[in-house]
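Pasting upload25.pdb here (PDB, C-alpha atoms, pLDDT in the B column):
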ATOM      1  CA  MET B 263      75.141 112.594  61.774  1.00 41.00           C
ATOM      2  CA  ILE B 264      74.768 113.840  65.360  1.00 39.00           C
ATOM      3  CA  SER B 265      78.026 114.198  67.313  1.00 48.00           C
ATOM      4  CA  TRP B 266      78.415 112.806  70.831  1.00 44.00           C
ATOM      5  CA  VAL B 267      78.466 116.372  72.226  1.00 46.00           C
ATOM      6  CA  MET B 268      75.123 117.179  70.575  1.00 42.00           C
ATOM      7  CA  MET B 269      73.662 113.916  71.880  1.00 42.00           C
ATOM      8  CA  MET B 270      74.535 114.920  75.434  1.00 45.00           C
ATOM      9  CA  MET B 271      72.931 118.340  75.018  1.00 40.00           C
ATOM     10  CA  ILE B 272      69.740 116.878  73.521  1.00 35.00           C
ATOM     11  CA  SER B 273      69.332 114.199  76.178  1.00 39.00           C
ATOM     12  CA  CYS B 274      69.604 116.545  79.187  1.00 40.00           C
ATOM     13  CA  ARG B 275      69.057 120.121  80.161  1.00 43.00           C
ATOM     14  CA  ALA B 276      72.001 122.330  79.244  1.00 48.00           C
ATOM     15  CA  ASP B 277      73.032 122.685  82.893  1.00 58.00           C
ATOM     16  CA  GLU B 278      72.688 118.966  83.729  1.00 71.00           C
ATOM     17  CA  VAL B 279      74.417 117.117  80.908  1.00 79.00           C
ATOM     18  CA  ASP B 280      74.900 113.361  81.206  1.00 89.00           C
ATOM     19  CA  THR B 281      78.482 113.294  79.997  1.00 94.00           C
ATOM     20  CA  THR B 282      78.665 109.493  80.148  1.00 94.00           C
ATOM     21  CA  LEU B 283      76.027 108.913  77.457  1.00 93.00           C
ATOM     22  CA  GLY B 284      77.448 106.591  74.799  1.00 94.00           C
ATOM     23  CA  PHE B 285      80.604 105.808  76.828  1.00 96.00           C
ATOM     24  CA  THR B 286      81.690 102.431  78.191  1.00 96.00           C
ATOM     25  CA  ASP B 287      82.098 102.278  81.983  1.00 96.00           C
ATOM     26  CA  LEU B 288      85.434 100.549  82.591  1.00 95.00           C
ATOM     27  CA  PRO B 289      86.377  98.493  85.662  1.00 93.00           C
ATOM     28  CA  PHE B 290      88.067 100.550  88.357  1.00 89.00           C
ATOM     29  CA  ASN B 291      89.545  99.528  91.696  1.00 87.00           C
ATOM     30  CA  THR B 292      92.768 100.025  93.649  1.00 86.00           C
ATOM     31  CA  SER B 293      94.738  97.950  91.145  1.00 90.00           C
ATOM     32  CA  TYR B 294      94.216 100.694  88.539  1.00 92.00           C
ATOM     33  CA  TYR B 295      96.075 103.472  90.309  1.00 91.00           C
ATOM     34  CA  HIS B 296      99.523 104.253  91.624  1.00 94.00           C
ATOM     35  CA  LEU B 297     100.192 106.721  94.452  1.00 96.00           C
ATOM     36  CA  HIS B 298     102.717 109.536  94.040  1.00 96.00           C
ATOM     37  CA  LYS B 299     103.742 110.848  97.484  1.00 97.00           C
ATOM     38  CA  PRO B 300     106.803 112.389  99.203  1.00 98.00           C
ATOM     39  CA  TYR B 301     109.503 109.743  98.777  1.00 98.00           C
ATOM     40  CA  ASP B 302     110.661 109.782 102.393  1.00 98.00           C
ATOM     41  CA  LEU B 303     107.276 109.167 104.035  1.00 98.00           C
ATOM     42  CA  PRO B 304     105.080 106.093 104.415  1.00 97.00           C
ATOM     43  CA  GLU B 305     101.773 106.096 102.533  1.00 96.00           C
ATOM     44  CA  THR B 306      99.723 106.348 105.734  1.00 97.00           C
ATOM     45  CA  GLN B 307     101.194 109.790 106.532  1.00 98.00           C
ATOM     46  CA  ARG B 308      99.871 111.404 103.331  1.00 98.00           C
ATOM     47  CA  TYR B 309      97.017 109.181 102.141  1.00 98.00           C
ATOM     48  CA  SER B 310      94.021 107.304 103.532  1.00 98.00           C
ATOM     49  CA  PHE B 311      91.153 105.351 102.026  1.00 96.00           C
ATOM     50  CA  ALA B 312      88.131 104.794 104.274  1.00 96.00           C
ATOM     51  CA  GLY B 313      84.396 104.695 103.702  1.00 96.00           C
ATOM     52  CA  GLY B 314      84.943 104.902  99.950  1.00 94.00           C
ATOM     53  CA  VAL B 315      86.800 108.229 100.238  1.00 97.00           C
ATOM     54  CA  HIS B 316      90.393 108.776  99.097  1.00 97.00           C
ATOM     55  CA  ARG B 317      91.941 111.526 101.251  1.00 98.00           C
ATOM     56  CA  LEU B 318      95.244 112.961 100.004  1.00 98.00           C
ATOM     57  CA  TRP B 319      97.250 115.692 101.710  1.00 98.00           C
ATOM     58  CA  VAL B 320     100.685 117.288 101.522  1.00 98.00           C
ATOM     59  CA  TYR B 321     102.663 120.076 103.210  1.00 98.00           C
ATOM     60  CA  ALA B 322     104.613 122.826 101.476  1.00 98.00           C
ATOM     61  CA  THR B 323     107.766 121.651 103.261  1.00 98.00           C
ATOM     62  CA  ASP B 324     107.478 118.041 102.038  1.00 98.00           C
ATOM     63  CA  LYS B 325     109.943 116.350  99.724  1.00 98.00           C
ATOM     64  CA  PRO B 326     109.029 115.612  96.057  1.00 97.00           C
ATOM     65  CA  TYR B 327     107.704 112.202  95.014  1.00 96.00           C
ATOM     66  CA  ARG B 328     111.138 110.909  94.116  1.00 95.00           C
ATOM     67  CA  ARG B 329     114.656 111.691  95.309  1.00 96.00           C
ATOM     68  CA  GLY B 330     116.370 114.371  93.199  1.00 94.00           C
ATOM     69  CA  SER B 331     113.185 115.558  91.478  1.00 94.00           C
ATOM     70  CA  PRO B 332     112.918 119.370  91.075  1.00 94.00           C
ATOM     71  CA  THR B 333     109.103 119.238  91.328  1.00 94.00           C
ATOM     72  CA  LYS B 334     107.026 120.536  94.237  1.00 96.00           C
ATOM     73  CA  PRO B 335     105.419 118.271  96.860  1.00 98.00           C
ATOM     74  CA  ARG B 336     102.467 116.130  95.812  1.00 98.00           C
ATOM     75  CA  THR B 337     100.202 113.293  96.831  1.00 98.00           C
ATOM     76  CA  GLU B 338      98.344 112.134  93.742  1.00 98.00           C
ATOM     77  CA  LEU B 339      96.473 109.106  92.449  1.00 97.00           C
ATOM     78  CA  MET B 340      97.860 108.244  89.033  1.00 96.00           C
ATOM     79  CA  ILE B 341      95.353 106.198  87.024  1.00 94.00           C
ATOM     80  CA  SER B 342      98.058 103.879  85.748  1.00 89.00           C
ATOM     81  CA  GLY B 343      95.839 101.080  84.457  1.00 89.00           C
ATOM     82  CA  TYR B 344      94.316 103.170  81.666  1.00 94.00           C
ATOM     83  CA  THR B 345      97.071 104.865  79.694  1.00 94.00           C
ATOM     84  CA  TYR B 346      95.705 105.845  76.274  1.00 95.00           C
ATOM     85  CA  SER B 347      96.787 107.348  72.953  1.00 94.00           C
ATOM     86  CA  SER B 348      93.564 107.458  70.932  1.00 95.00           C
ATOM     87  CA  GLY B 349      89.804 107.531  71.298  1.00 96.00           C
ATOM     88  CA  ILE B 350      87.688 109.567  73.716  1.00 97.00           C
ATOM     89  CA  TRP B 351      88.320 109.102  77.427  1.00 97.00           C
ATOM     90  CA  GLN B 352      86.540 110.403  80.497  1.00 98.00           C
ATOM     91  CA  PHE B 353      87.367 110.746  84.190  1.00 97.00           C
ATOM     92  CA  GLU B 354      84.501 111.115  86.647  1.00 98.00           C
ATOM     93  CA  GLY B 355      84.806 111.640  90.380  1.00 97.00           C
ATOM     94  CA  GLN B 356      83.294 113.403  93.349  1.00 98.00           C
ATOM     95  CA  GLY B 357      85.857 115.894  94.664  1.00 98.00           C
ATOM     96  CA  TYR B 358      86.221 117.972  97.822  1.00 98.00           C
ATOM     97  CA  VAL B 359      88.802 120.671  98.615  1.00 98.00           C
ATOM     98  CA  PRO B 360      88.837 122.020 102.202  1.00 98.00           C
ATOM     99  CA  LYS B 361      88.850 125.754 102.780  1.00 97.00           C
ATOM    100  CA  GLY B 362      92.400 127.060 103.138  1.00 96.00           C
ATOM    101  CA  THR B 363      93.926 124.780 100.521  1.00 98.00           C
ATOM    102  CA  ASN B 364      95.469 127.177  97.989  1.00 96.00           C
ATOM    103  CA  GLY B 365      97.891 127.061  95.059  1.00 95.00           C
ATOM    104  CA  VAL B 366      97.316 123.411  94.314  1.00 96.00           C
ATOM    105  CA  CYS B 367      96.611 121.287  91.268  1.00 96.00           C
ATOM    106  CA  ILE B 368      93.811 118.805  91.996  1.00 97.00           C
ATOM    107  CA  MET B 369      93.416 117.113  88.595  1.00 96.00           C
ATOM    108  CA  GLN B 370      95.524 116.519  85.476  1.00 95.00           C
ATOM    109  CA  VAL B 371      95.286 114.958  82.054  1.00 95.00           C
ATOM    110  CA  PHE B 372      98.929 113.958  81.878  1.00 93.00           C
ATOM    111  CA  GLY B 373     100.893 113.795  78.640  1.00 90.00           C
ATOM    112  CA  ALA B 374     101.575 116.434  75.972  1.00 89.00           C
ATOM    113  CA  THR B 375     104.048 117.264  73.212  1.00 86.00           C
ATOM    114  CA  ARG B 376     105.759 120.324  74.682  1.00 78.00           C
ATOM    115  CA  ARG B 377     104.662 120.166  78.341  1.00 78.00           C
ATOM    116  CA  ALA B 378     103.790 117.542  80.921  1.00 81.00           C
ATOM    117  CA  THR B 379     100.022 118.013  80.894  1.00 87.00           C
ATOM    118  CA  SER B 380      97.204 118.490  78.418  1.00 89.00           C
ATOM    119  CA  LEU B 381      94.947 119.801  81.191  1.00 91.00           C
ATOM    120  CA  MET B 382      95.599 121.001  84.730  1.00 93.00           C
ATOM    121  CA  LEU B 383      92.891 122.170  87.151  1.00 96.00           C
ATOM    122  CA  ARG B 384      94.020 124.253  90.122  1.00 95.00           C
ATOM    123  CA  VAL B 385      92.415 125.797  93.194  1.00 96.00           C
ATOM    124  CA  TYR B 386      93.282 129.361  94.175  1.00 94.00           C
ATOM    125  CA  ASN B 387      91.402 131.332  96.836  1.00 93.00           C
ATOM    126  CA  GLY B 388      88.523 128.871  96.820  1.00 95.00           C
ATOM    127  CA  SER B 389      88.014 128.958  93.028  1.00 95.00           C
ATOM    128  CA  LEU B 390      88.667 126.277  90.433  1.00 96.00           C
ATOM    129  CA  MET B 391      90.982 127.543  87.682  1.00 94.00           C
ATOM    130  CA  TYR B 392      92.355 126.267  84.405  1.00 89.00           C
ATOM    131  CA  TYR B 393      96.125 125.671  84.317  1.00 79.00           C
ATOM    132  CA  GLN B 394      98.223 128.509  85.771  1.00 55.00           C
ATOM    133  CA  THR B 395      96.309 131.575  84.611  1.00 57.00           C
ATOM    134  CA  TYR B 396      95.023 133.311  87.710  1.00 59.00           C
ATOM    135  CA  SER B 397      92.326 135.132  85.725  1.00 64.00           C
ATOM    136  CA  THR B 398      90.744 131.971  84.256  1.00 82.00           C
ATOM    137  CA  VAL B 399      88.221 131.141  86.977  1.00 90.00           C
ATOM    138  CA  ILE B 400      85.945 128.364  85.766  1.00 93.00           C
ATOM    139  CA  VAL B 401      84.079 127.662  89.036  1.00 96.00           C
ATOM    140  CA  PRO B 402      84.066 130.143  91.940  1.00 95.00           C
ATOM    141  CA  GLY B 403      83.330 128.914  95.466  1.00 95.00           C
ATOM    142  CA  ILE B 404      84.519 125.339  94.929  1.00 97.00           C
ATOM    143  CA  SER B 405      85.928 124.835  98.454  1.00 97.00           C
ATOM    144  CA  ASP B 406      84.227 123.081 101.363  1.00 98.00           C
ATOM    145  CA  ARG B 407      81.652 121.246  99.247  1.00 98.00           C
ATOM    146  CA  TRP B 408      81.457 118.054  97.253  1.00 98.00           C
ATOM    147  CA  PHE B 409      81.326 118.553  93.480  1.00 98.00           C
ATOM    148  CA  ARG B 410      81.107 116.126  90.573  1.00 98.00           C
ATOM    149  CA  LEU B 411      83.967 116.516  88.122  1.00 98.00           C
ATOM    150  CA  ASN B 412      83.888 115.070  84.614  1.00 98.00           C
ATOM    151  CA  VAL B 413      86.913 115.576  82.370  1.00 97.00           C
ATOM    152  CA  ILE B 414      86.680 114.366  78.765  1.00 97.00           C
ATOM    153  CA  HIS B 415      89.694 114.085  76.463  1.00 96.00           C
ATOM    154  CA  ASP B 416      88.921 113.633  72.771  1.00 97.00           C
ATOM    155  CA  VAL B 417      92.346 112.659  71.459  1.00 95.00           C
ATOM    156  CA  GLY B 418      91.404 112.633  67.782  1.00 94.00           C
ATOM    157  CA  ALA B 419      89.870 116.099  67.927  1.00 95.00           C
ATOM    158  CA  GLY B 420      92.624 117.417  70.229  1.00 93.00           C
ATOM    159  CA  LYS B 421      90.041 118.762  72.690  1.00 95.00           C
ATOM    160  CA  VAL B 422      89.395 118.655  76.434  1.00 95.00           C
ATOM    161  CA  PHE B 423      86.068 119.346  78.147  1.00 96.00           C
ATOM    162  CA  VAL B 424      85.513 120.011  81.867  1.00 96.00           C
ATOM    163  CA  HIS B 425      82.090 119.591  83.461  1.00 97.00           C
ATOM    164  CA  VAL B 426      81.337 120.416  87.104  1.00 97.00           C
ATOM    165  CA  ASP B 427      78.043 119.183  88.548  1.00 96.00           C
ATOM    166  CA  GLY B 428      76.845 118.429  85.021  1.00 95.00           C
ATOM    167  CA  ALA B 429      77.587 121.860  83.559  1.00 96.00           C
ATOM    168  CA  LEU B 430      80.242 122.479  80.905  1.00 96.00           C
ATOM    169  CA  VAL B 431      82.665 124.985  82.478  1.00 95.00           C
ATOM    170  CA  TYR B 432      85.683 124.719  80.158  1.00 94.00           C
ATOM    171  CA  GLU B 433      86.408 123.613  76.602  1.00 94.00           C
ATOM    172  CA  GLY B 434      89.804 123.949  74.957  1.00 90.00           C
ATOM    173  CA  ALA B 435      92.576 122.342  72.931  1.00 90.00           C
ATOM    174  CA  ASP B 436      94.850 119.691  74.353  1.00 90.00           C
ATOM    175  CA  HIS B 437      98.618 119.952  73.894  1.00 89.00           C
ATOM    176  CA  GLY B 438      99.309 116.937  71.729  1.00 88.00           C
ATOM    177  CA  GLY B 439     101.259 113.933  72.890  1.00 90.00           C
ATOM    178  CA  SER B 440     101.062 110.207  72.230  1.00 90.00           C
ATOM    179  CA  SER B 441     100.481 108.859  75.748  1.00 93.00           C
ATOM    180  CA  HIS B 442      98.000 110.131  78.353  1.00 95.00           C
ATOM    181  CA  TYR B 443      96.513 109.259  81.724  1.00 95.00           C
ATOM    182  CA  PHE B 444      94.482 110.905  84.480  1.00 97.00           C
ATOM    183  CA  LYS B 445      95.708 112.044  87.912  1.00 96.00           C
ATOM    184  CA  CYS B 446      93.880 113.510  90.912  1.00 98.00           C
ATOM    185  CA  GLY B 447      94.902 114.584  94.408  1.00 98.00           C
ATOM    186  CA  VAL B 448      97.110 117.497  95.449  1.00 98.00           C
ATOM    187  CA  TYR B 449     100.197 118.873  93.705  1.00 97.00           C
ATOM    188  CA  ALA B 450     101.674 122.109  95.086  1.00 97.00           C
ATOM    189  CA  GLN B 451     101.911 125.108  92.723  1.00 94.00           C
ATOM    190  CA  LYS B 452     102.873 128.785  92.913  1.00 91.00           C
ATOM    191  CA  ASP B 453     101.680 130.573  96.082  1.00 92.00           C
ATOM    192  CA  MET B 454     100.818 127.286  97.783  1.00 96.00           C
ATOM    193  CA  SER B 455      99.322 127.169 101.255  1.00 97.00           C
ATOM    194  CA  SER B 456     101.280 125.454 104.013  1.00 98.00           C
ATOM    195  CA  TYR B 457      98.816 122.533 104.003  1.00 98.00           C
ATOM    196  CA  MET B 458      96.946 121.182 100.977  1.00 98.00           C
ATOM    197  CA  GLU B 459      94.263 118.499 100.785  1.00 98.00           C
ATOM    198  CA  SER B 460      91.679 117.028  98.447  1.00 98.00           C
ATOM    199  CA  ARG B 461      89.287 114.107  98.768  1.00 98.00           C
ATOM    200  CA  TRP B 462      87.857 111.875  96.046  1.00 98.00           C
ATOM    201  CA  LYS B 463      85.157 109.241  95.862  1.00 97.00           C
ATOM    202  CA  GLU B 464      83.126 107.376  93.243  1.00 96.00           C
ATOM    203  CA  ILE B 465      85.946 107.565  90.702  1.00 96.00           C
ATOM    204  CA  GLN B 466      85.050 106.048  87.344  1.00 96.00           C
ATOM    205  CA  ILE B 467      86.836 105.834  83.993  1.00 97.00           C
ATOM    206  CA  PHE B 468      84.936 105.719  80.683  1.00 97.00           C
ATOM    207  CA  ASN B 469      86.007 105.502  77.078  1.00 96.00           C
ATOM    208  CA  LYS B 470      84.673 105.591  73.534  1.00 93.00           C
ATOM    209  CA  ASN B 471      86.678 104.426  70.524  1.00 78.00           C
TER     210      ASN B 471
END

Render the structure in this file as structure tokens.
Amino acid sequence: MISWVMMMMISCRADEVDTTLGFTDLPFNTSYYHLHKPYDLPETQRYSFAGGVHRLWVYATDKPYRRGSPTKPRTELMISGYTYSSGIWQFEGQGYVPKGTNGVCIMQVFGATRRATSLMLRVYNGSLMYYQTYSTVIVPGISDRWFRLNVIHDVGAGKVFVHVDGALVYEGADHGGSSHYFKCGVYAQKDMSSYMESRWKEIQIFNKN
């Protein structure tokens, strides 16, 4: 029996994998997400949606997303309509991070047993990195260009896969948990820049049971 990973590799060149092969494309519109933003500001001051592009930005001096939270500033799209606990799920989106945005998480697979996230992708010095390890560069030179991001979470296998522009750039274990969802945008991290921004378009959610 050929696994879904092998099917993707057979159907495309190794550097241009169609990660959506065999997945179901689920409906997605504004009703399927919830915005996390600084609690004391109106949505229009940290988020816009025009021409099919979600633009999310935050400042290092901003408040957290809720009063009393110890977390750093963020403006994120939480994909609230597709919380999952089993199966194989996939986020796809075209992302853009302007030059100068640093120390920021741009994408998460939320939910884990001993930590908040099963996957966190961050941008430091123009490079895309896995979680908080500065040395784990998975895509250098990610800033100031549009890139296609596909993140696959195989809950049963306990694995996450990250593809950028069709190429597999990271594969690793998830961190357990019984409830998961995807998030994208900007979430300040260590050594953050004073201003942080990311843009997203053509977001799609897929699954396979």

Open item on the list: Just want the 6 Å neighbourhood of segment 424-440 of chain B, counted on only C-alpha atoms, with same-chain residues fewer than 2 positions away dropped. Output as a PyMOL selection string.
Closed with: chain B and resi 277-279+347+373-375+380+400+409-413+420-422

Task: Explicit residue set for the PyMOL selection byres ((chain B and resi 321) around 8), as number ranges by chain - done: B: 319-320, 322-324, 335, 456-458

TODO: Can you work out which one of B:Gln370, B:Ser405, B:Thr379, B:Asn364 has the shortest atom-to-atom distance to Leu339 of chain B, counting all atoms listed in the file?
DONE: B:Gln370

TODO: Please provide as a list in words all residues within 7 Å of Arg336 of chain B, with the sequence filter that same-chain residues fewer than 6 positions apart are discarded (counting only C-alpha atoms).
DONE: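 Contacts, in chain order: His298, Lys299, Pro300, Val320, Pro326, Tyr327, Val448, Tyr449 and Ala450 of chain B.
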
Task: Nearest to Gln466 of chain B by atom-to-atom distance, counting all atoms listed in the file, from B:Gln352, B:Thr363, B:Thr281, B:Ser331 - done: B:Gln352

Task: Among listed residues B:Leu390, B:Ala378, B:Val366, B:Ile350, nearest Ala419 of chain B (using only C-alpha atoms) - done: B:Ile350

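Minimum atom-to-atom distances from B:Val399, B:Cys446, B:Met391, B:Leu318 to Val371 of chain B were compared using only C-alpha atoms, and the lowest value belongs to B:Cys446.
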